[in-house]
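Engineer: Would you mind keeping the following structure in view while I ask a few things?
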Amino acid sequence: MAADGSGSLPGPLVGPAWLATRLAAGGPVVLDASVGAHRAAARRIPGARRFDIDGVMSDATVPLPHTMPGAHRFTEEMRALGVDGTDTVVVYDAAGVYSSARAWWMLRAMGFDRVAVLDGGLPAWTAAGLPVDEAEERIAPGGAGHTGDFTARPREGMLVGRGAVAAALADPGSAVLDARSRERFAGTVAEPRPGLRRGHMPGALNLPFGEIQRDGRMLPAPELRAVFGALLGERGPDSEPEPERLVVSCGSGVTACVLALGAELAGYTEVSVYDGSWSEWGRPSELPVVTGP
């Protein structure tokens, strides 16, 4: 990957030491993509700017949570954060690797490749003894008065709708992976969002996002490849080839991006995220739902 003066990104993941060294030299831009309760965490990486997935970085005009905003709106919000098209960006969250993967995927879906996820997030940063800002108000709302020149250039197929998911479920060359817990996938527990049906899409496979992490960090690439390969080998007879294309889903399109990150680290190149995820498919409708493992 190309980068600015902070140096080339080593890949879609960077470690705390890598980031600390580059921040000391004046870059890259750091975005805090925490959601939910973690959004209120008092500690921040110094200079972090809020990539607000629970707020302006989702489309509030649609009834589904965490929906990708349009290109014009995304451009405006990234410019308000002071991000330039030539910047290098590192995204993190206060949970580990959770919603940061969503921010990483959104930026790439909008044509921006100079972005990586901080492996282990804020917990790994603090465990390494690196400095933090303690006060919530210290998080920078933008680029210290600078309006960026970021321009969104959407890429087709990185975020897909329910029609593409239905097609993938019927396609032997594709597989649909669901990042929700095994209990939610099987339908043995109620969905946390009211009004959604229990269960999963017929033909989908379950890979809870936490199973491709260890101690809040992503598994090494060889282990990720083994996890994905073992799961995808369960789709049919031994003679059936591993699918070329993966579509990943979850509750609202956030942890699906953790699977997308893991798939990329494992070497998969054709990956799509179902933006509506179970918040859309699980609504009462004609879309088929099954229960059980």
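Note on naming: chains are A, B, ... as they come in the structure tokens, residues start from 1 per chain, ligands start from 1 in the order shown.
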Which of segment 63-203 of chain A counts as strand (DSSP E) under DSSP, as a PyMOL selection string please?

Structural biologist: chain A and resi 89-92+115-118+159-160+174-178

Engineer: Which residues of segment 97-186 of chain A come within 8 Å of segment 67-72 of chain A, and for each one, what is the closest pair of atoms and their distance in Å to one decimal, counting only C-alpha atoms, sorted by chain and residue number, as a Markdown table?

Structural biologist:
| residue | atom | partner | partner_atom | distance |
| --- | --- | --- | --- | --- |
| A:Met106 | CA | A:Met68 | CA | 7.4 |
| A:Met110 | CA | A:Ala71 | CA | 7.2 |
| A:Ala152 | CA | A:Ala71 | CA | 5.5 |
| A:Arg153 | CA | A:Ala71 | CA | 7.1 |
| A:Pro154 | CA | A:Ala71 | CA | 6.7 |

Engineer: Taking 2 positions as the minimum chain separation for residues in the same chain, which residues sit within 7 Å of Phe51 of chain A when counting only C-alpha atoms? Answer as a ChimeraX atom specification.

Structural biologist: /A:31-33,49,53,57

Engineer: Grab the residues selected above and save them as an mmCIF file, in the first residue's frame with N, CA and C atoms.

Structural biologist:
data_model
loop_
_atom_site.group_PDB
_atom_site.id
_atom_site.type_symbol
_atom_site.label_atom_id
_atom_site.label_comp_id
_atom_site.auth_asym_id
_atom_site.auth_seq_id
_atom_site.Cartn_x
_atom_site.Cartn_y
_atom_site.Cartn_z
ATOM 1 N N LEU A 31 -8.312 7.478 13.766
ATOM 2 C CA LEU A 31 -9.756 7.616 13.929
ATOM 3 C C LEU A 31 -10.265 6.610 14.944
ATOM 4 N N ASP A 32 -11.013 7.091 15.912
ATOM 5 C CA ASP A 32 -11.649 6.248 16.926
ATOM 6 C C ASP A 32 -13.042 5.882 16.426
ATOM 7 N N ALA A 33 -13.250 4.601 16.134
ATOM 8 C CA ALA A 33 -14.514 4.130 15.561
ATOM 9 C C ALA A 33 -15.344 3.353 16.586
ATOM 10 N N ARG A 49 -9.460 11.285 16.249
ATOM 11 C CA ARG A 49 -10.673 11.959 15.807
ATOM 12 C C ARG A 49 -11.792 10.920 15.736
ATOM 13 N N ILE A 53 -19.670 5.897 13.999
ATOM 14 C CA ILE A 53 -20.546 4.927 13.342
ATOM 15 C C ILE A 53 -21.949 4.954 13.936
ATOM 16 N N MET A 57 -21.688 8.807 10.769
ATOM 17 C CA MET A 57 -21.119 7.887 9.791
ATOM 18 C C MET A 57 -22.072 6.749 9.434
#

Engineer: Which polymer residues have any atom within 10 Å of an atom of Ala263 of chain A, counting only C-alpha atoms, with same-chain residues fewer than 3 positions away left out, as a ChimeraX atom specification?

Structural biologist: /A:212,221,224-225,227-228,246,248,257-260,266-271

Engineer: Nearest to Asp215 of chain A: which of A:Val29, A:Trp105, A:Asp119, A:Pro63 is it, counting only C-alpha atoms?

Structural biologist: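 Smallest distance to Asp215 of chain A is found for A:Asp119.
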
Engineer: Identify all residues of segment 33-123 of chain A in alpha helix (DSSP H) (DSSP on the backbone) and supply them as a VMD selection string.

Structural biologist: chain A and resid 71 to 80 100 to 109 121 to 123
